[in-house]
Each structure stands twice: as C-alpha cells, then as structure tokens.
Amino acid sequence: MTVDIQEMKKRLEAKRAEIQQNIAGLTQAYPTPEDNGVVSQDAQDFEDTAVDFQEMQQEQSIMVNERALLSEVEDALKRIEAGTYGRCTECGEQIPDKRLEAMPWVALCVKDEERLEQRNLSREELYNDGTV
C-alpha cells in the first residue's frame with residue numbers, strides 16, 4: 001500500500017472533529033417547540049411555525065447524515081489501529097489508493113460497494129411496489 005497511513009489518520013481525525021462540530025451546531029440550532037396553548041392562530045404565526053418545522057426536518061436529515069459519516073470515519077480509525085485499513089471489509093481485497101485518497105473512510109472496494117447499492121435499490125423497489 002502506498003497510502004501514508006499516518007497522513008490518513010490525521011485526515012480522518014480532522015474530519016471527525018469537523019463532523020462533531022457540525023453535529024454540535026445542529027443540536028444547538030433546533031427551534032424550541034412552542035406549547036399549543038401559546039401559539040396564536042393568525043396566518044403569520046402559522047407560517048412561522050411551518051417554516052420552523054421544515055427547518056427542523058432539514059436539520060434532522062443533515063444530522064442523520066452527519067452521524068452516519070461520523071460512524072464511518074470512526075470505523076476507519078479503528079481499522080487503522082487494527083492494521084486492516086485499506087482492505088475491503090467484505091472481500092479483503094486491497095482498496096485502490098485513489099479511492100482512499102478521495103474518501104479515507106471508505107470500507108468497501110468498488111465491486112462490493114456496487115453490490116451493496118444494488119441490494120439497497122432492490123429493497124427500495126420492494127417497498128415501492130404496489131404503493132402509489
């Protein structure tokens with residue numbers, strides 16, 4: 001492997017810190033829900049509540065994505081410590097250096113990543129069948 005493990009570790013640690021900071025910022029940004037008895041019924045308040053709700057949903061979606069990426073980064077750091085970094089966690093093959101350079105947290109080779117995506121797409125099609 002020609003990838004510098006120590007450099008990858010530094011990049012992963014920096015990415016972990018960045019994600020943790022993003023998560024902390026999102027956690028502090030959630031609007032405080034108002035008591036139903038306090039909310040007035042005029043149109044402006046209704047619009048404000050709807051906008052707050054939409055923003056909260058977007059932030060929660062971002063939070064889910066950030067936590068998933070954080071998990072991948074932490075798993076990559078564990079693989080570095082275990083000496084398995086750079087190998088596909090499915091087949092054990094070497095992950096190409098260019099792939100690791102682009103996404104240091106990646107755990108799968110391209111072939112296994114494609115298989116996983118196909119499985120996920122198949123499941124999605126199953127759930128969408130018959131529902132419109």
# chains A, B, ... in the order shown; residues from 1 in each chain; ligands from 1
>>> residues_around(residues="Ile95 in chain A", least_positions_apart="5", cutoff="10 Å", atoms="only C-alpha atoms", output="ChimeraX atom specification")
/A:1,85-89,100,106-110
>>> write_last_selection(atoms="all heavy atoms", output="mmCIF file, in the first residue's frame")
data_model
loop_
_atom_site.group_PDB
_atom_site.id
_atom_site.type_symbol
_atom_site.label_atom_id
_atom_site.label_comp_id
_atom_site.auth_asym_id
_atom_site.auth_seq_id
_atom_site.Cartn_x
_atom_site.Cartn_y
_atom_site.Cartn_z
ATOM 1 N N MET A 1 0.851 -1.184 0.000
ATOM 2 C CA MET A 1 0.000 0.000 0.000
ATOM 3 C C MET A 1 0.889 1.237 0.000
ATOM 4 O O MET A 1 1.798 1.348 0.797
ATOM 5 C CB MET A 1 -0.909 -0.009 1.230
ATOM 6 C CG MET A 1 -1.714 1.246 1.380
ATOM 7 S SD MET A 1 -2.553 1.351 2.944
ATOM 8 C CE MET A 1 -4.197 0.996 2.410
ATOM 9 N N TYR A 85 -6.726 -1.289 7.742
ATOM 10 C CA TYR A 85 -7.111 -0.143 6.909
ATOM 11 C C TYR A 85 -6.627 -0.357 5.482
ATOM 12 O O TYR A 85 -5.507 -0.815 5.249
ATOM 13 C CB TYR A 85 -6.503 1.145 7.469
ATOM 14 C CG TYR A 85 -6.890 2.375 6.678
ATOM 15 C CD1 TYR A 85 -8.137 2.949 6.842
ATOM 16 C CD2 TYR A 85 -6.018 2.940 5.758
ATOM 17 C CE1 TYR A 85 -8.513 4.074 6.118
ATOM 18 C CE2 TYR A 85 -6.375 4.060 5.030
ATOM 19 C CZ TYR A 85 -7.625 4.617 5.213
ATOM 20 O OH TYR A 85 -7.997 5.718 4.487
ATOM 21 N N GLY A 86 -7.491 -0.020 4.536
ATOM 22 C CA GLY A 86 -7.124 -0.138 3.129
ATOM 23 C C GLY A 86 -7.558 -1.444 2.498
ATOM 24 O O GLY A 86 -7.379 -1.648 1.309
ATOM 25 N N ARG A 87 -8.138 -2.320 3.296
ATOM 26 C CA ARG A 87 -8.661 -3.597 2.784
ATOM 27 C C ARG A 87 -10.181 -3.566 2.868
ATOM 28 O O ARG A 87 -10.757 -3.075 3.847
ATOM 29 C CB ARG A 87 -8.140 -4.757 3.607
ATOM 30 C CG ARG A 87 -6.651 -4.916 3.508
ATOM 31 C CD ARG A 87 -6.300 -6.356 3.154
ATOM 32 N NE ARG A 87 -4.915 -6.454 2.783
ATOM 33 C CZ ARG A 87 -4.495 -6.698 1.543
ATOM 34 N NH1 ARG A 87 -5.361 -6.877 0.581
ATOM 35 N NH2 ARG A 87 -3.216 -6.778 1.266
ATOM 36 N N CYS A 88 -10.825 -4.110 1.849
ATOM 37 C CA CYS A 88 -12.277 -4.184 1.812
ATOM 38 C C CYS A 88 -12.764 -5.047 2.971
ATOM 39 O O CYS A 88 -12.241 -6.145 3.198
ATOM 40 C CB CYS A 88 -12.719 -4.781 0.483
ATOM 41 S SG CYS A 88 -14.499 -5.005 0.332
ATOM 42 N N THR A 89 -13.743 -4.548 3.707
ATOM 43 C CA THR A 89 -14.259 -5.298 4.857
ATOM 44 C C THR A 89 -15.119 -6.483 4.434
ATOM 45 O O THR A 89 -15.416 -7.346 5.257
ATOM 46 C CB THR A 89 -15.077 -4.376 5.798
ATOM 47 O OG1 THR A 89 -16.145 -3.774 5.051
ATOM 48 C CG2 THR A 89 -14.191 -3.306 6.418
ATOM 49 N N LEU A 100 -9.145 5.619 -1.641
ATOM 50 C CA LEU A 100 -8.851 6.002 -0.259
ATOM 51 C C LEU A 100 -8.485 7.483 -0.161
ATOM 52 O O LEU A 100 -8.853 8.143 0.813
ATOM 53 C CB LEU A 100 -7.719 5.146 0.308
ATOM 54 C CG LEU A 100 -8.070 3.681 0.560
ATOM 55 C CD1 LEU A 100 -6.807 2.897 0.911
ATOM 56 C CD2 LEU A 100 -9.103 3.544 1.664
ATOM 57 N N VAL A 106 -13.672 5.124 3.489
ATOM 58 C CA VAL A 106 -14.320 4.054 2.728
ATOM 59 C C VAL A 106 -13.900 2.681 3.257
ATOM 60 O O VAL A 106 -12.749 2.457 3.616
ATOM 61 C CB VAL A 106 -14.036 4.219 1.216
ATOM 62 C CG1 VAL A 106 -12.616 3.833 0.871
ATOM 63 C CG2 VAL A 106 -15.011 3.429 0.395
ATOM 64 N N ALA A 107 -14.877 1.764 3.329
ATOM 65 C CA ALA A 107 -14.628 0.425 3.875
ATOM 66 C C ALA A 107 -14.735 -0.666 2.822
ATOM 67 O O ALA A 107 -14.302 -1.791 3.067
ATOM 68 C CB ALA A 107 -15.615 0.131 5.003
ATOM 69 N N LEU A 108 -15.307 -0.345 1.669
ATOM 70 C CA LEU A 108 -15.547 -1.359 0.650
ATOM 71 C C LEU A 108 -14.832 -1.023 -0.653
ATOM 72 O O LEU A 108 -14.700 0.150 -1.009
ATOM 73 C CB LEU A 108 -17.048 -1.482 0.354
ATOM 74 C CG LEU A 108 -17.955 -1.860 1.520
ATOM 75 C CD1 LEU A 108 -19.416 -1.771 1.106
ATOM 76 C CD2 LEU A 108 -17.630 -3.249 2.034
ATOM 77 N N CYS A 109 -14.426 -2.063 -1.370
ATOM 78 C CA CYS A 109 -13.902 -1.863 -2.713
ATOM 79 C C CYS A 109 -15.075 -1.489 -3.617
ATOM 80 O O CYS A 109 -16.243 -1.609 -3.222
ATOM 81 C CB CYS A 109 -13.212 -3.139 -3.210
ATOM 82 S SG CYS A 109 -14.318 -4.557 -3.441
ATOM 83 N N VAL A 110 -14.796 -1.041 -4.800
ATOM 84 C CA VAL A 110 -15.837 -0.584 -5.718
ATOM 85 C C VAL A 110 -16.827 -1.711 -6.009
ATOM 86 O O VAL A 110 -18.038 -1.505 -6.000
ATOM 87 C CB VAL A 110 -15.216 -0.036 -7.033
ATOM 88 C CG1 VAL A 110 -16.289 0.279 -8.052
ATOM 89 C CG2 VAL A 110 -14.371 1.188 -6.742
#
>>> atom_distance(atom1="CA of Gln58 in chain A", atom2="CA of Arg119 in chain A")
26.6 Å
>>> atom_distance(atom1="CA of Glu90 in chain A", atom2="CA of Ile23 in chain A")
29.3 Å
>>> decode(residues="range 13-129 of chain A", atoms="C-alpha atoms", output="tab-separated table (two decimals), in the first residue's frame")
chain	number	residue	atom	x	y	z
A	13	GLU	CA	-9.16	12.75	12.89
A	14	ALA	CA	-9.64	16.21	11.33
A	15	LYS	CA	-12.80	15.01	9.57
A	16	ARG	CA	-14.10	13.54	12.84
A	17	ALA	CA	-13.55	16.87	14.61
A	18	GLU	CA	-15.29	18.74	11.77
A	19	ILE	CA	-18.30	16.41	11.86
A	20	GLN	CA	-18.55	16.59	15.66
A	21	GLN	CA	-18.53	20.38	15.41
A	22	ASN	CA	-21.25	20.26	12.74
A	23	ILE	CA	-23.38	17.99	14.92
A	24	ALA	CA	-22.93	20.26	17.93
A	25	GLY	CA	-24.01	23.24	15.83
A	26	LEU	CA	-27.09	21.43	14.60
A	27	THR	CA	-28.04	20.35	18.09
A	28	GLN	CA	-27.91	23.95	19.31
A	29	ALA	CA	-29.89	25.22	16.31
A	30	TYR	CA	-33.10	23.26	16.90
A	31	PRO	CA	-36.01	25.60	17.49
A	32	THR	CA	-37.77	25.17	20.81
A	33	PRO	CA	-41.25	23.71	20.27
A	34	GLU	CA	-43.99	26.02	21.47
A	35	ASP	CA	-46.87	24.94	23.67
A	36	ASN	CA	-50.06	24.51	21.62
A	37	GLY	CA	-51.93	26.75	24.06
A	38	VAL	CA	-49.47	29.59	23.49
A	39	VAL	CA	-49.45	29.57	19.70
A	40	SER	CA	-51.82	32.18	18.29
A	41	GLN	CA	-53.91	31.38	15.27
A	42	ASP	CA	-53.02	34.23	12.92
A	43	ALA	CA	-51.60	33.41	9.47
A	44	GLN	CA	-48.13	34.82	10.19
A	45	ASP	CA	-47.69	32.59	13.27
A	46	PHE	CA	-48.87	29.58	11.28
A	47	GLU	CA	-46.34	30.34	8.52
A	48	ASP	CA	-43.54	30.83	11.06
A	49	THR	CA	-44.41	27.51	12.71
A	50	ALA	CA	-44.44	25.76	9.32
A	51	VAL	CA	-41.06	27.24	8.38
A	52	ASP	CA	-39.61	26.25	11.77
A	53	PHE	CA	-40.92	22.72	11.30
A	54	GLN	CA	-39.45	22.46	7.80
A	55	GLU	CA	-36.08	23.76	9.00
A	56	MET	CA	-36.11	21.29	11.88
A	57	GLN	CA	-36.80	18.42	9.46
A	58	GLN	CA	-33.93	19.52	7.22
A	59	GLU	CA	-31.59	19.78	10.20
A	60	GLN	CA	-32.62	16.32	11.39
A	61	SER	CA	-31.89	14.91	7.93
A	62	ILE	CA	-28.47	16.57	7.96
A	63	MET	CA	-27.92	15.24	11.50
A	64	VAL	CA	-28.65	11.66	10.40
A	65	ASN	CA	-26.19	12.00	7.51
A	66	GLU	CA	-23.51	13.57	9.71
A	67	ARG	CA	-23.85	10.82	12.33
A	68	ALA	CA	-23.61	8.13	9.65
A	69	LEU	CA	-20.45	9.73	8.24
A	70	LEU	CA	-19.03	10.08	11.76
A	71	SER	CA	-19.58	6.37	12.29
A	72	GLU	CA	-17.76	5.58	9.04
A	73	VAL	CA	-14.84	7.83	10.00
A	74	GLU	CA	-14.56	6.26	13.46
A	75	ASP	CA	-14.70	2.77	11.92
A	76	ALA	CA	-11.85	3.74	9.57
A	77	LEU	CA	-9.78	4.93	12.55
A	78	LYS	CA	-10.45	1.58	14.24
A	79	ARG	CA	-9.28	-0.23	11.09
A	80	ILE	CA	-6.06	1.80	11.18
A	81	GLU	CA	-5.48	0.73	14.78
A	82	ALA	CA	-6.28	-2.89	13.90
A	83	GLY	CA	-3.96	-2.85	10.90
A	84	THR	CA	-6.74	-3.62	8.41
A	85	TYR	CA	-7.11	-0.14	6.91
A	86	GLY	CA	-7.12	-0.14	3.13
A	87	ARG	CA	-8.66	-3.60	2.78
A	88	CYS	CA	-12.28	-4.18	1.81
A	89	THR	CA	-14.26	-5.30	4.86
A	90	GLU	CA	-16.28	-7.68	2.65
A	91	CYS	CA	-13.78	-9.46	0.41
A	92	GLY	CA	-10.43	-8.46	1.95
A	93	GLU	CA	-9.08	-7.11	-1.34
A	94	GLN	CA	-6.90	-4.01	-1.39
A	95	ILE	CA	-8.92	-0.80	-1.88
A	96	PRO	CA	-7.33	1.34	-4.62
A	97	ASP	CA	-5.23	4.23	-3.32
A	98	LYS	CA	-7.17	6.78	-5.37
A	99	ARG	CA	-10.41	5.65	-3.70
A	100	LEU	CA	-8.85	6.00	-0.26
A	101	GLU	CA	-7.42	9.40	-1.15
A	102	ALA	CA	-10.87	10.61	-2.22
A	103	MET	CA	-12.74	9.09	0.75
A	104	PRO	CA	-10.36	8.00	3.52
A	105	TRP	CA	-13.25	6.46	5.50
A	106	VAL	CA	-14.32	4.05	2.73
A	107	ALA	CA	-14.63	0.42	3.88
A	108	LEU	CA	-15.55	-1.36	0.65
A	109	CYS	CA	-13.90	-1.86	-2.71
A	110	VAL	CA	-15.84	-0.58	-5.72
A	111	LYS	CA	-17.18	-4.05	-6.57
A	112	ASP	CA	-18.63	-4.63	-3.09
A	113	GLU	CA	-19.91	-1.05	-2.87
A	114	GLU	CA	-21.81	-1.61	-6.13
A	115	ARG	CA	-23.28	-4.86	-4.77
A	116	LEU	CA	-24.43	-3.08	-1.62
A	117	GLU	CA	-26.05	-0.30	-3.64
A	118	GLN	CA	-27.81	-2.86	-5.85
A	119	ARG	CA	-29.17	-4.65	-2.77
A	120	ASN	CA	-30.39	-1.35	-1.35
A	121	LEU	CA	-32.02	-0.41	-4.66
A	122	SER	CA	-33.72	-3.81	-4.81
A	123	ARG	CA	-35.10	-3.31	-1.30
A	124	GLU	CA	-36.31	0.16	-2.22
A	125	GLU	CA	-38.13	-1.24	-5.25
A	126	LEU	CA	-39.73	-3.86	-3.00
A	127	TYR	CA	-41.06	-1.19	-0.67
A	128	ASN	CA	-42.28	0.96	-3.55
A	129	ASP	CA	-44.12	-1.90	-5.34
